[in-house]
Structure formats: C-alpha cells, structure tokens
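Student: Input file: my_file-v9.cif. Contents: mmCIF, C-alpha atoms and all ligand atoms.
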data_entry
loop_
_atom_site.label_atom_id
_atom_site.label_comp_id
_atom_site.auth_asym_id
_atom_site.auth_seq_id
_atom_site.Cartn_x
_atom_site.Cartn_y
_atom_site.Cartn_z
CA MET A 1 -0.69 -29.20 -36.34
CA THR A 2 -0.61 -26.55 -33.61
CA ILE A 3 0.33 -26.55 -29.94
CA GLU A 4 -2.30 -24.39 -28.28
CA ARG A 5 -1.14 -23.88 -24.69
CA ASP A 6 -3.72 -21.28 -23.81
CA ALA A 7 -6.95 -22.93 -24.90
CA ARG A 8 -9.82 -22.09 -22.53
CA LEU A 9 -12.55 -24.39 -21.31
CA ARG A 10 -15.74 -22.46 -22.03
CA GLU A 11 -18.54 -24.91 -21.27
CA VAL A 12 -18.99 -28.23 -19.50
CA GLN A 13 -21.94 -30.60 -19.75
CA SER A 14 -22.02 -33.93 -17.97
CA TRP A 15 -24.15 -37.05 -17.80
CA GLY A 16 -22.80 -39.48 -15.19
CA SER A 17 -19.32 -40.42 -16.41
CA PHE A 18 -19.77 -38.75 -19.83
CA PHE A 19 -18.61 -35.17 -20.42
CA ARG A 20 -18.82 -32.63 -23.22
CA PHE A 21 -16.34 -29.76 -23.17
CA GLY A 22 -16.64 -26.65 -25.31
CA ILE A 23 -13.14 -25.19 -25.74
CA ASP A 24 -12.01 -21.82 -27.10
CA ALA A 25 -9.01 -22.71 -29.27
CA PRO A 26 -9.14 -20.96 -32.65
CA ALA A 27 -5.78 -22.27 -33.91
CA VAL A 28 -6.96 -25.88 -33.59
CA GLY A 29 -10.62 -25.30 -34.46
CA LYS A 30 -10.11 -23.55 -37.77
CA ASP A 31 -8.22 -26.44 -39.44
CA ALA A 32 -9.93 -29.42 -37.79
CA ARG A 33 -11.56 -32.10 -39.96
CA PRO A 34 -13.97 -34.85 -38.84
CA GLY A 35 -12.09 -37.90 -37.55
CA GLN A 36 -9.03 -35.98 -36.41
CA PHE A 37 -7.99 -35.90 -32.77
CA VAL A 38 -6.13 -33.79 -30.21
CA MET A 39 -3.58 -34.72 -27.55
CA VAL A 40 -4.66 -33.11 -24.27
CA LYS A 41 -2.52 -32.41 -21.22
CA VAL A 42 -4.86 -33.54 -18.47
CA SER A 43 -3.05 -32.18 -15.41
CA ASP A 44 -0.81 -29.22 -14.60
CA GLY A 45 1.76 -31.47 -12.91
CA THR A 46 3.48 -34.65 -14.07
CA ALA A 47 0.87 -37.20 -13.01
CA PRO A 48 -0.23 -38.44 -15.38
CA LEU A 49 2.67 -37.33 -17.57
CA LEU A 50 1.43 -38.37 -20.98
CA ARG A 51 -1.16 -36.43 -22.92
CA ARG A 52 -4.35 -38.31 -23.72
CA PRO A 53 -5.79 -38.64 -27.26
CA LEU A 54 -9.39 -37.49 -27.71
CA GLY A 55 -11.42 -37.20 -30.92
CA ILE A 56 -12.68 -33.84 -32.12
CA HIS A 57 -16.41 -33.92 -31.37
CA ASP A 58 -17.19 -30.66 -33.19
CA ALA A 59 -15.21 -27.67 -34.41
CA ASP A 60 -15.47 -24.22 -35.91
CA ALA A 61 -13.24 -21.17 -36.30
CA GLY A 62 -13.53 -20.38 -32.57
CA GLY A 63 -12.51 -23.75 -31.17
CA PHE A 64 -13.64 -27.31 -30.74
CA ASP A 65 -15.64 -29.68 -28.54
CA LEU A 66 -14.63 -32.90 -26.82
CA PHE A 67 -16.92 -35.72 -25.70
CA PHE A 68 -15.35 -38.28 -23.41
CA SER A 69 -16.03 -40.79 -20.69
CA ILE A 70 -14.02 -41.45 -17.56
CA VAL A 71 -12.06 -44.69 -17.85
CA GLY A 72 -8.93 -44.02 -15.78
CA ARG A 73 -6.94 -41.33 -14.03
CA GLY A 74 -6.29 -39.15 -17.10
CA THR A 75 -9.90 -38.77 -18.09
CA GLU A 76 -10.85 -38.46 -14.41
CA ALA A 77 -8.39 -35.56 -14.00
CA LEU A 78 -9.77 -33.93 -17.14
CA SER A 79 -13.33 -34.27 -15.91
CA ARG A 80 -12.44 -32.11 -12.88
CA LYS A 81 -11.65 -29.06 -15.06
CA ALA A 82 -14.10 -26.18 -14.82
CA PRO A 83 -15.17 -23.36 -17.16
CA GLY A 84 -12.41 -20.73 -17.35
CA ASP A 85 -9.60 -23.28 -16.83
CA ARG A 86 -6.67 -23.23 -19.23
CA LEU A 87 -6.07 -26.31 -21.40
CA ASP A 88 -2.91 -27.31 -23.25
CA VAL A 89 -3.72 -29.18 -26.47
CA ILE A 90 -1.92 -30.34 -29.61
CA GLY A 91 -3.99 -30.72 -32.74
CA ALA A 92 -5.61 -31.26 -35.06
CA LEU A 93 -3.82 -34.61 -35.54
CA GLY A 94 -4.17 -37.62 -37.81
CA LYS A 95 -6.12 -38.30 -40.96
CA GLY A 96 -9.87 -38.07 -40.70
CA PHE A 97 -12.86 -39.60 -42.47
CA THR A 98 -13.25 -39.26 -46.23
CA MET A 99 -16.54 -37.85 -47.44
CA PRO A 100 -18.55 -39.78 -50.03
CA ALA A 101 -18.32 -38.09 -53.44
CA PRO A 102 -21.78 -36.90 -54.63
CA ALA A 103 -21.71 -39.56 -57.37
CA GLU A 104 -21.51 -42.29 -54.72
CA GLY A 105 -24.96 -41.49 -53.35
CA LYS A 106 -26.31 -39.36 -50.55
CA THR A 107 -26.96 -41.55 -47.54
CA ALA A 108 -24.25 -42.47 -45.05
CA TYR A 109 -24.61 -44.59 -41.92
CA LEU A 110 -22.62 -43.40 -38.90
CA VAL A 111 -22.28 -46.11 -36.26
CA GLY A 112 -21.14 -45.17 -32.76
CA GLY A 113 -20.81 -47.30 -29.66
CA GLY A 114 -20.59 -45.58 -26.26
CA ARG A 115 -17.92 -42.88 -26.20
CA GLY A 116 -17.16 -43.81 -29.84
CA ILE A 117 -20.01 -41.51 -30.81
CA ALA A 118 -17.62 -38.57 -30.16
CA PRO A 119 -16.19 -37.92 -33.66
CA LEU A 120 -19.45 -38.79 -35.43
CA TYR A 121 -21.22 -35.56 -34.46
CA PHE A 122 -18.68 -33.43 -36.36
CA LEU A 123 -18.80 -35.89 -39.27
CA ALA A 124 -22.62 -35.86 -39.37
CA ARG A 125 -22.70 -32.05 -39.40
CA GLU A 126 -20.14 -31.85 -42.22
CA LEU A 127 -21.89 -34.54 -44.28
CA ALA A 128 -25.21 -32.72 -43.90
CA ARG A 129 -23.53 -29.43 -44.85
CA ALA A 130 -22.15 -31.10 -48.00
CA GLY A 131 -25.67 -32.19 -49.01
CA ALA A 132 -25.48 -35.84 -47.89
CA ARG A 133 -27.98 -37.58 -45.59
CA PRO A 134 -26.26 -38.91 -42.47
CA ILE A 135 -28.18 -41.45 -40.37
CA VAL A 136 -26.63 -42.07 -36.97
CA PHE A 137 -26.85 -45.49 -35.31
CA TYR A 138 -26.06 -44.89 -31.65
CA GLY A 139 -25.57 -47.84 -29.31
CA GLY A 140 -25.03 -48.05 -25.58
CA ARG A 141 -25.32 -50.66 -22.88
CA THR A 142 -28.22 -48.80 -21.21
CA ARG A 143 -30.25 -45.64 -21.90
CA ASP A 144 -27.79 -43.71 -19.69
CA GLU A 145 -25.02 -44.55 -22.16
CA ILE A 146 -26.61 -42.72 -25.10
CA PRO A 147 -26.63 -39.24 -23.55
CA ILE A 148 -26.18 -37.04 -26.62
CA ARG A 149 -28.97 -38.37 -28.82
CA ASP A 150 -30.81 -35.06 -28.59
CA ARG A 151 -27.70 -33.11 -29.64
CA PHE A 152 -27.89 -34.82 -33.04
CA GLU A 153 -31.63 -34.32 -33.25
CA ARG A 154 -31.31 -30.60 -32.47
CA ALA A 155 -28.89 -30.38 -35.41
CA GLY A 156 -31.55 -31.98 -37.64
CA ILE A 157 -29.74 -35.33 -37.89
CA GLU A 158 -31.68 -38.60 -37.81
CA VAL A 159 -30.66 -40.92 -34.96
CA ARG A 160 -31.57 -44.57 -34.37
CA CYS A 161 -30.66 -45.86 -30.93
CA SER A 162 -30.02 -49.28 -29.51
CA THR A 163 -29.39 -50.47 -25.99
CA ASP A 164 -28.00 -53.84 -24.98
CA ASP A 165 -30.50 -54.07 -22.11
CA GLY A 166 -33.45 -52.88 -24.22
CA SER A 167 -34.09 -49.84 -22.00
CA PHE A 168 -34.28 -47.52 -25.03
CA GLY A 169 -34.68 -48.01 -28.78
CA PHE A 170 -33.75 -51.28 -30.50
CA ALA A 171 -33.03 -54.04 -27.96
CA GLY A 172 -29.64 -55.53 -28.80
CA PHE A 173 -26.27 -54.57 -30.21
CA VAL A 174 -26.06 -51.61 -32.57
CA THR A 175 -24.40 -53.94 -35.10
CA ALA A 176 -27.62 -56.01 -35.27
CA LEU A 177 -29.62 -52.84 -35.90
CA VAL A 178 -27.29 -51.82 -38.75
CA ASP A 179 -27.30 -55.34 -40.22
CA GLN A 180 -31.11 -55.28 -40.24
CA GLU A 181 -31.09 -51.91 -42.01
CA LEU A 182 -28.48 -52.96 -44.60
CA ILE A 183 -30.77 -55.79 -45.70
CA LYS A 184 -33.31 -53.11 -46.71
CA SER A 185 -31.11 -50.29 -48.02
CA ARG A 186 -27.58 -49.58 -49.17
CA PRO A 187 -25.86 -46.35 -48.10
CA ALA A 188 -22.90 -44.84 -49.95
CA LYS A 189 -20.68 -45.49 -46.95
CA VAL A 190 -20.64 -46.69 -43.35
CA TYR A 191 -18.47 -44.85 -40.83
CA ALA A 192 -17.83 -46.24 -37.36
CA CYS A 193 -16.13 -45.57 -34.05
CA GLY A 194 -16.47 -47.61 -30.88
CA PRO A 195 -15.14 -50.61 -29.00
CA ASP A 196 -12.90 -52.94 -31.07
CA ARG A 197 -15.36 -55.84 -30.69
CA MET A 198 -18.18 -53.71 -32.13
CA MET A 199 -16.08 -52.50 -35.03
CA LYS A 200 -14.73 -55.96 -35.86
CA ALA A 201 -18.30 -57.31 -35.98
CA LEU A 202 -19.41 -54.35 -38.09
CA ALA A 203 -16.49 -54.88 -40.50
CA GLY A 204 -17.82 -58.40 -41.12
CA ILE A 205 -21.34 -57.07 -41.71
CA THR A 206 -20.33 -54.27 -44.10
CA ALA A 207 -18.09 -56.67 -46.05
CA ARG A 208 -20.98 -59.14 -46.35
CA HIS A 209 -23.26 -56.39 -47.65
CA ALA A 210 -20.46 -55.03 -49.91
CA VAL A 211 -20.76 -51.51 -48.51
CA PRO A 212 -17.55 -49.45 -48.16
CA ALA A 213 -16.75 -48.69 -44.55
CA GLU A 214 -14.28 -46.60 -42.58
CA PHE A 215 -13.35 -47.27 -38.97
CA SER A 216 -11.76 -44.90 -36.46
CA LEU A 217 -9.37 -47.00 -34.38
CA GLU A 218 -8.30 -46.42 -30.80
CA SER A 219 -4.97 -47.17 -29.23
CA ILE A 220 -3.03 -46.12 -26.19
CA MET A 221 -0.83 -43.30 -27.53
CA GLY A 222 2.45 -42.05 -26.14
CA CYS A 223 3.03 -39.03 -28.37
CA GLY A 224 0.28 -38.79 -31.01
CA ILE A 225 2.75 -37.46 -33.58
CA GLY A 226 4.58 -40.52 -34.89
CA ALA A 227 7.62 -40.47 -32.60
CA CYS A 228 7.16 -43.35 -30.14
CA TRP A 229 5.73 -46.33 -32.11
CA GLY A 230 3.26 -46.80 -29.25
CA CYS A 231 0.18 -47.09 -31.45
CA VAL A 232 0.85 -49.64 -34.17
CA GLN A 233 -1.83 -51.51 -36.13
CA ARG A 234 -1.54 -54.34 -38.65
CA ILE A 235 -2.74 -53.21 -42.04
CA ARG A 236 -3.12 -54.83 -45.47
CA ASN A 237 -1.27 -52.91 -48.19
CA GLU A 238 -0.80 -53.48 -51.92
CA SER A 239 2.65 -54.78 -51.01
CA GLY A 240 1.41 -57.19 -48.30
CA ASP A 241 0.67 -56.96 -44.58
CA GLY A 242 2.55 -54.50 -42.39
CA TRP A 243 2.45 -52.32 -39.32
CA VAL A 244 1.51 -48.62 -39.38
CA LYS A 245 1.21 -45.96 -36.69
CA ILE A 246 -2.44 -45.19 -35.94
CA CYS A 247 -1.62 -41.58 -35.02
CA GLU A 248 0.01 -40.85 -38.40
CA GLU A 249 -1.73 -43.10 -40.92
CA GLY A 250 -5.05 -43.07 -39.06
CA PRO A 251 -6.92 -43.11 -36.79
CA VAL A 252 -9.39 -43.70 -39.65
CA PHE A 253 -8.80 -46.68 -41.96
CA PRO A 254 -10.87 -48.31 -44.71
CA GLY A 255 -12.41 -51.57 -43.53
CA GLU A 256 -10.71 -53.78 -46.10
CA ARG A 257 -7.24 -52.66 -44.92
CA ILE A 258 -7.65 -53.47 -41.22
CA LEU A 259 -6.34 -56.81 -39.95
CA TRP A 260 -8.43 -57.22 -36.81
CA PRO A 261 -6.90 -59.07 -33.85
C1 LIG B 301 -7.46 -41.29 -31.77
C2 LIG B 301 -8.19 -41.51 -30.48
C3 LIG B 301 -9.33 -40.80 -30.22
C4 LIG B 301 -10.01 -40.99 -29.02
N1 LIG B 301 -11.14 -40.28 -28.81
C5 LIG B 301 -11.81 -40.42 -27.66
C6 LIG B 301 -12.96 -39.63 -27.43
O1 LIG B 301 -13.35 -38.79 -28.25
N2 LIG B 301 -13.61 -39.79 -26.25
C7 LIG B 301 -13.18 -40.70 -25.32
O2 LIG B 301 -13.83 -40.81 -24.27
N3 LIG B 301 -12.09 -41.46 -25.52
C8 LIG B 301 -11.39 -41.34 -26.67
N4 LIG B 301 -10.26 -42.07 -26.86
C9 LIG B 301 -9.81 -42.99 -25.79
C10 LIG B 301 -9.06 -42.19 -24.75
O3 LIG B 301 -7.84 -41.74 -25.29
C11 LIG B 301 -8.77 -43.07 -23.53
O4 LIG B 301 -10.00 -43.42 -22.91
C12 LIG B 301 -7.93 -42.32 -22.54
O5 LIG B 301 -6.65 -42.08 -23.04
C13 LIG B 301 -7.80 -43.11 -21.25
O6 LIG B 301 -6.96 -42.39 -20.38
P1 LIG B 301 -7.09 -42.55 -18.81
O7 LIG B 301 -5.86 -41.97 -18.21
O8 LIG B 301 -8.39 -42.05 -18.34
O9 LIG B 301 -7.10 -44.11 -18.61
P2 LIG B 301 -5.80 -45.07 -18.29
O10 LIG B 301 -5.59 -44.91 -16.80
O11 LIG B 301 -4.72 -44.71 -19.21
O12 LIG B 301 -6.43 -46.42 -18.62
C14 LIG B 301 -7.54 -47.00 -17.92
C15 LIG B 301 -7.89 -48.32 -18.58
O13 LIG B 301 -8.36 -48.13 -19.93
C16 LIG B 301 -7.51 -48.78 -20.86
N5 LIG B 301 -7.32 -47.87 -22.00
C17 LIG B 301 -6.81 -46.64 -21.95
N6 LIG B 301 -6.80 -46.08 -23.18
C18 LIG B 301 -7.31 -46.98 -24.01
C19 LIG B 301 -7.53 -47.01 -25.40
N7 LIG B 301 -7.27 -45.98 -26.19
N8 LIG B 301 -8.04 -48.13 -25.92
C20 LIG B 301 -8.32 -49.19 -25.15
N9 LIG B 301 -8.15 -49.22 -23.82
C21 LIG B 301 -7.63 -48.14 -23.26
C22 LIG B 301 -6.20 -49.03 -20.12
O14 LIG B 301 -5.51 -50.16 -20.62
C23 LIG B 301 -6.67 -49.26 -18.70
O15 LIG B 301 -7.14 -50.56 -18.52
C24 LIG B 301 -9.55 -41.92 -28.06
C25 LIG B 301 -8.38 -42.65 -28.32
C26 LIG B 301 -7.71 -42.45 -29.52
C27 LIG B 301 -6.47 -43.20 -29.81
S1 LIG B 302 1.45 -42.42 -30.44
FE1 LIG B 302 3.59 -42.22 -30.69
S2 LIG B 302 3.89 -43.02 -32.68
FE2 LIG B 302 1.73 -43.00 -32.49
#
What does this structure look like when you write it as structure tokens?
Tutor:
Amino acid sequence: MTIERDARLREVQSWGSFFRFGIDAPAVGKDARPGQFVMVKVSDGTAPLLRRPLGIHDADAGGFDLFFSIVGRGTEALSRKAPGDRLDVIGALGKGFTMPAPAEGKTAYLVGGGRGIAPLYFLARELARAGARPIVFYGGRTRDEIPIRDRFERAGIEVRCSTDDGSFGFAGFVTALVDQELIKSRPAKVYACGPDRMMKALAGITARHAVPAEFSLESIMGCGIGACWGCVQRIRNESGDGWVKICEEGPVFPGERILWP
C-alpha cells in the first residue's frame, strides 16, 4: 500500500454521469491487481472529509484508471477535476480476484452491472494475458448505461450486453442473460461486480449451476485500511458465521462465503 499524494490526472472521458480517469501514479500502478481499490481524496478542503473507495479499472507501471458514476457529493466533486490536476490516492488496497488455474478451464464469465463494470476491464485484460478467454456480460438500465462496451471490444474482449429497457442487446436483467448462457455452457469461473440485488440473484444462479463465483462487494468505507470497522460483512467461515471487514478481507469474496442480506 502506498500513499501517492502527487498523482496527476492525465485524461478524462465522460458519458453523462459516467467518467473514466487516466491517472499518472506509478507507485500505485505497478503493484495493482484486478479487484483491488484505491481511496481517493475528492476535494482539497474538508468537505467531504472522507476519502472515497473506487475500484482499479486498469493499471500498468505508469499509473491506473478509474471508472465511476456520480451518486453523491464525493463523486460529483471528483468529476469536476480536469487533466493536470493533482490527486491524492491511497492504494492499491484489498484483496482482488483470483485467476482460474489453467487446469480449471479457459473460459471465465465477467458480469458487471452499471458502474460495477469498473474492475472487470482490468480483470478481463489480465485473464486474456494469462491465456484465458474472458466473456463480459455487461448490463445497464438503458443503452446510455453501458458506455464502455467498445473499450472492451478494442482490447479484443468479447462483450454481451443487456439493457433493462431493451434499448440495446438482450432485453432484461444481465442475470437472466447469464442464466441462459449457463444452461448451454460452463465456464471455469464467474466474476461479478454490481448492485447488491444483482449479485445476490447471480449468487443463486451460479450456485444452482454449480459454477464457482467471486463477487466484489461494495460498502460505505471510512478508512479503507481496517481501522474504523465501517465496512463489515457477514461471512461463512469453517468455524461458523462471523463479521469481516470488506476493505481488509475483500472486497472480493467467494460466493459460497457471502451471507447476503
Ligand atoms: C471497494 C469499492 C470499490 C468501488 N468501486 C467503485 C468504482 O469503481 N466506481 C464507482 O462508481 N463506484 C465505486 N464504488 C462506490 C463508490 O465508493 C461510491 O459510489 C462513492 O463512495 C459514493 O460517494 P459520494 O460522496 O458520491 O456519495 P455519498 O454522498 O456518500 O452517497 C450518496 C448516496 O449513495 C449511497 N452510497 C454511497 N456509497 C455507497 C456504497 N458504496 N454502496 C451503496 N450505497 C452507497 C449513500 O448511502 C447515499 O444514499 C466502490 C465502493 C467500494 C467499497
Ligand atoms: S473502511 Fe474502515 S475498517 Fe474497512
């Protein structure tokens, strides 16, 4: 973990309330793994005071990318940053996704809902680099909510889209699209990030199809480094049920360990 107080915003892309930031931050970028996150200071003053957690959307030795949507004042403040601005970030934090071993098979399904697509781009690139075949299932409420489909395609990654209103791709929830696909084929693993309701439904589907799955959980985080107990999640352990901190033990957990609310 590094505190990089002099990261620089290099590039901004936006689609309505969705933003992609390219950030020069070599100390964070060089060690980042798919599924990890950063804590970002969103304003130079004290409002809002707390850093906000954001998943690492992509990374290399020069820095990392973020992909986020505006939901409140922190993400709104962040969205007003411009290329050249300084950013203060702590990362890379948490435990990321585990890669399927070659013996487990080559295909992996990556299921993202809305802004939950963020960490799946980095994961897809790393899986492809390791010789696996990632297939991304990307769901949004409307076609405007699946803005980075072409980013995956440009990287040579297969994407299947769904929209709740049927304005693009499969008409319906992304979970229905994945369920339909799992009837026909069995990937080595399913990885997911998105709204809790989507992930809870997907956990039921992957369990029914007996496919191992990993879920990246969200929580409101005070510190991101295990100090405040602001991010607890009920988990099933060998020793029984208990509470763990999402920032330390996660944010990624195997499906069978998560006790969904
Ligand atoms: C590990 C991790 C990775 C994340 N990665 C991304 C990412 O890559 N891209 C992205 O867009 N977002 C991501 N998030 C969510 C992001 O942290 C929140 O959207 C952000 O902190 C909201 O801050 P805000 O000040 O804009 O909203 P606030 O003003 O703090 O909140 C606005 C509203 O959203 C609700 N809310 C805020 N945070 C969350 C949350 N985490 N879960 C559920 N409801 C919440 C609040 O209760 C409130 O109703 C991630 C969260 C975690 C824990
Ligand atoms: S956010 Fe503080 S302990 Fe997890």
Student: Grab the CA of Ile205 (chain A) to CA of Asp179 (chain A) distance for me, in Å with one decimal place.
Tutor: 6.4 Å
Student: With all atoms listed in the file counted, collect every polymer residue having an atom within 7 Å of ligand LIG 301 (chain B); state the result as a list in words.
Tutor: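 Here is the list of contacting residues: Phe37, Arg52, Pro53, Leu54, Gly55, Ile56, His57, Leu66, Phe67, Phe68, Ser69, Ile70, Val71, Gly72, Arg73, Gly74, Thr75, Glu76, Arg115, Gly116, Ala118, Pro119, Leu217, Glu218, Ser219, Ile220, Met221, Cys247 and Pro251 of chain A.
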Student: Kindly provide, as a VMD selection string, all nucleotide and amino acid residues lying within 7 Å of ligand LIG 302 (chain B), counting only C-alpha atoms and all ligand atoms.
Tutor: chain A and resid 221 to 232 245 to 248
Student: Mind dumping the selected residues with C-alpha atoms as an mmCIF file, in the coordinates of the input?
Tutor:
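Resulting contents of out00.cif:
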data_model
loop_
_atom_site.group_PDB
_atom_site.id
_atom_site.type_symbol
_atom_site.label_atom_id
_atom_site.label_comp_id
_atom_site.auth_asym_id
_atom_site.auth_seq_id
_atom_site.Cartn_x
_atom_site.Cartn_y
_atom_site.Cartn_z
ATOM 1 C CA MET A 221 -0.830 -43.300 -27.530
ATOM 2 C CA GLY A 222 2.450 -42.050 -26.140
ATOM 3 C CA CYS A 223 3.030 -39.030 -28.370
ATOM 4 C CA GLY A 224 0.280 -38.790 -31.010
ATOM 5 C CA ILE A 225 2.750 -37.460 -33.580
ATOM 6 C CA GLY A 226 4.580 -40.520 -34.890
ATOM 7 C CA ALA A 227 7.620 -40.470 -32.600
ATOM 8 C CA CYS A 228 7.160 -43.350 -30.140
ATOM 9 C CA TRP A 229 5.730 -46.330 -32.110
ATOM 10 C CA GLY A 230 3.260 -46.800 -29.250
ATOM 11 C CA CYS A 231 0.180 -47.090 -31.450
ATOM 12 C CA VAL A 232 0.850 -49.640 -34.170
ATOM 13 C CA LYS A 245 1.210 -45.960 -36.690
ATOM 14 C CA ILE A 246 -2.440 -45.190 -35.940
ATOM 15 C CA CYS A 247 -1.620 -41.580 -35.020
ATOM 16 C CA GLU A 248 0.010 -40.850 -38.400
#
Student: Padding 4 Å on each side, edges along x, y and z: where is the centre of the box around the listed atoms of region 104-122 of chain A, and how long are its edges in Å to one decimal? Output it as JSON.
Tutor:
{"center_x": -21.6, "center_y": -40.4, "center_z": -40.5, "size_x": 18.8, "size_y": 21.9, "size_z": 36.5}
Student: Mind pulling up the distance from CA of Gly140 (chain A) to CA of Phe170 (chain A)?
Tutor: 10.5 Å
Student: For a test of reading the model, state the distance in Å between CA of Thr142 (chain A) and CA of Met198 (chain A), rounded to one decimal.
Tutor: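 It comes out at 15.6 Å.
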Student: If we count only C-alpha atoms and set the cut-off at 6 Å, which residues sit around region 86-96 of chain A, ignoring sequence neighbours fewer than 5 positions away in its own chain? Please answer as a PyMOL selection string.
Tutor: chain A and resi 1-8+28+32+34-41+247-248+250+252
Student: Please determine, counting all atoms listed in the file, which residue among A:Tyr138, A:Val111, A:Asp144, A:Arg129 has the shortest atom-to-atom distance to Met199 (chain A).
Tutor: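 Checking each of A:Tyr138, A:Val111, A:Asp144, A:Arg129 against Met199 (chain A), counting all atoms listed in the file, the winner is A:Val111.
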Student: Considering all atoms listed in the file, can you say which of A:Gly166, A:Pro195, A:Pro83, A:Pro187 comes closest to Gly112 (chain A)?
Tutor: A:Pro195
Student: Excluding Arg133 (chain A) and residues on its chain fewer than 5 positions from it, collect all residues at most 10 Å away from it, counting all atoms listed in the file, and give them as a VMD selection string.
Tutor: chain A and resid 105 to 109 124 to 125 127 to 128 157 to 158 187 to 188
Student: Using all atoms listed in the file, which residue out of A:Trp15, A:Pro100, A:Ala213, A:Arg10 lies closest to Glu145 (chain A)?
Tutor: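 Among A:Trp15, A:Pro100, A:Ala213, A:Arg10, it is A:Trp15 that comes nearest to Glu145 (chain A).
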Student: Could you list as a VMD selection string every residue that has an atom within 12 Å of (0.6, -57.2, -42.4), using the file's coordinates and counting all atoms listed in the file?
Tutor: chain A and resid 232 to 244 257 to 261
Student: Go through A:Leu9, A:Val136, A:Ala176, A:Val42 one by one, measure the shortest atom-to-atom distance of each to Gly204 (chain A) using all atoms listed in the file, and give the residue with the smallest value.
Tutor: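 The closest residue to Gly204 (chain A) is A:Ala176.
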Student: Export region 156-163 of chain A of the preceding structure, keeping all heavy atoms, as a PDB file, in the first residue's frame.
Tutor:
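Contents of the output file decode_18.pdb:
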ATOM      1  N   GLY A 156     -10.038  -6.481 -27.698  1.00  0.00           N
ATOM      2  CA  GLY A 156     -10.209  -7.843 -28.216  1.00  0.00           C
ATOM      3  C   GLY A 156     -11.007  -8.740 -27.278  1.00  0.00           C
ATOM      4  O   GLY A 156     -10.910  -9.969 -27.356  1.00  0.00           O
ATOM      5  N   ILE A 157     -11.803  -8.148 -26.394  1.00  0.00           N
ATOM      6  CA  ILE A 157     -12.562  -8.943 -25.415  1.00  0.00           C
ATOM      7  C   ILE A 157     -14.038  -8.994 -25.824  1.00  0.00           C
ATOM      8  O   ILE A 157     -14.637  -7.964 -26.147  1.00  0.00           O
ATOM      9  CB  ILE A 157     -12.383  -8.343 -24.006  1.00  0.00           C
ATOM     10  CG1 ILE A 157     -10.928  -8.554 -23.562  1.00  0.00           C
ATOM     11  CG2 ILE A 157     -13.333  -8.984 -23.003  1.00  0.00           C
ATOM     12  CD1 ILE A 157     -10.436  -7.598 -22.555  1.00  0.00           C
ATOM     13  N   GLU A 158     -14.584 -10.213 -25.812  1.00  0.00           N
ATOM     14  CA  GLU A 158     -15.986 -10.405 -26.214  1.00  0.00           C
ATOM     15  C   GLU A 158     -16.933  -9.821 -25.154  1.00  0.00           C
ATOM     16  O   GLU A 158     -16.750 -10.067 -23.961  1.00  0.00           O
ATOM     17  CB  GLU A 158     -16.220 -11.912 -26.357  1.00  0.00           C
ATOM     18  CG  GLU A 158     -17.573 -12.256 -26.902  1.00  0.00           C
ATOM     19  CD  GLU A 158     -17.719 -13.770 -27.101  1.00  0.00           C
ATOM     20  OE1 GLU A 158     -16.714 -14.508 -27.163  1.00  0.00           O
ATOM     21  OE2 GLU A 158     -18.893 -14.197 -27.173  1.00  0.00           O
ATOM     22  N   VAL A 159     -17.922  -9.058 -25.616  1.00  0.00           N
ATOM     23  CA  VAL A 159     -18.875  -8.440 -24.687  1.00  0.00           C
ATOM     24  C   VAL A 159     -20.298  -8.787 -25.111  1.00  0.00           C
ATOM     25  O   VAL A 159     -20.638  -8.685 -26.291  1.00  0.00           O
ATOM     26  CB  VAL A 159     -18.781  -6.888 -24.702  1.00  0.00           C
ATOM     27  CG1 VAL A 159     -19.602  -6.295 -23.561  1.00  0.00           C
ATOM     28  CG2 VAL A 159     -17.360  -6.422 -24.591  1.00  0.00           C
ATOM     29  N   ARG A 160     -21.132  -9.185 -24.154  1.00  0.00           N
ATOM     30  CA  ARG A 160     -22.560  -9.390 -24.420  1.00  0.00           C
ATOM     31  C   ARG A 160     -23.324  -8.437 -23.507  1.00  0.00           C
ATOM     32  O   ARG A 160     -23.135  -8.469 -22.290  1.00  0.00           O
ATOM     33  CB  ARG A 160     -22.954 -10.828 -24.142  1.00  0.00           C
ATOM     34  CG  ARG A 160     -22.108 -11.764 -25.024  1.00  0.00           C
ATOM     35  CD  ARG A 160     -22.555 -13.187 -24.949  1.00  0.00           C
ATOM     36  NE  ARG A 160     -21.537 -14.031 -25.555  1.00  0.00           N
ATOM     37  CZ  ARG A 160     -21.454 -15.318 -25.408  1.00  0.00           C
ATOM     38  NH1 ARG A 160     -22.340 -15.953 -24.655  1.00  0.00           N
ATOM     39  NH2 ARG A 160     -20.500 -16.005 -25.989  1.00  0.00           N
ATOM     40  N   CYS A 161     -24.146  -7.601 -24.128  1.00  0.00           N
ATOM     41  CA  CYS A 161     -24.815  -6.536 -23.371  1.00  0.00           C
ATOM     42  C   CYS A 161     -26.273  -6.864 -23.110  1.00  0.00           C
ATOM     43  O   CYS A 161     -26.924  -7.563 -23.889  1.00  0.00           O
ATOM     44  CB  CYS A 161     -24.744  -5.223 -24.144  1.00  0.00           C
ATOM     45  SG  CYS A 161     -23.062  -4.627 -24.325  1.00  0.00           S
ATOM     46  N   SER A 162     -26.772  -6.294 -22.029  1.00  0.00           N
ATOM     47  CA  SER A 162     -28.213  -6.351 -21.766  1.00  0.00           C
ATOM     48  C   SER A 162     -28.659  -4.994 -21.265  1.00  0.00           C
ATOM     49  O   SER A 162     -27.886  -4.267 -20.648  1.00  0.00           O
ATOM     50  CB  SER A 162     -28.530  -7.409 -20.702  1.00  0.00           C
ATOM     51  OG  SER A 162     -28.057  -6.983 -19.449  1.00  0.00           O
ATOM     52  N   THR A 163     -29.907  -4.658 -21.579  1.00  0.00           N
ATOM     53  CA  THR A 163     -30.486  -3.443 -21.014  1.00  0.00           C
ATOM     54  C   THR A 163     -31.866  -3.784 -20.465  1.00  0.00           C
ATOM     55  O   THR A 163     -32.607  -4.558 -21.077  1.00  0.00           O
ATOM     56  CB  THR A 163     -30.612  -2.313 -22.073  1.00  0.00           C
ATOM     57  OG1 THR A 163     -31.248  -2.839 -23.246  1.00  0.00           O
ATOM     58  CG2 THR A 163     -29.269  -1.734 -22.437  1.00  0.00           C
TER      59      THR A 163
END
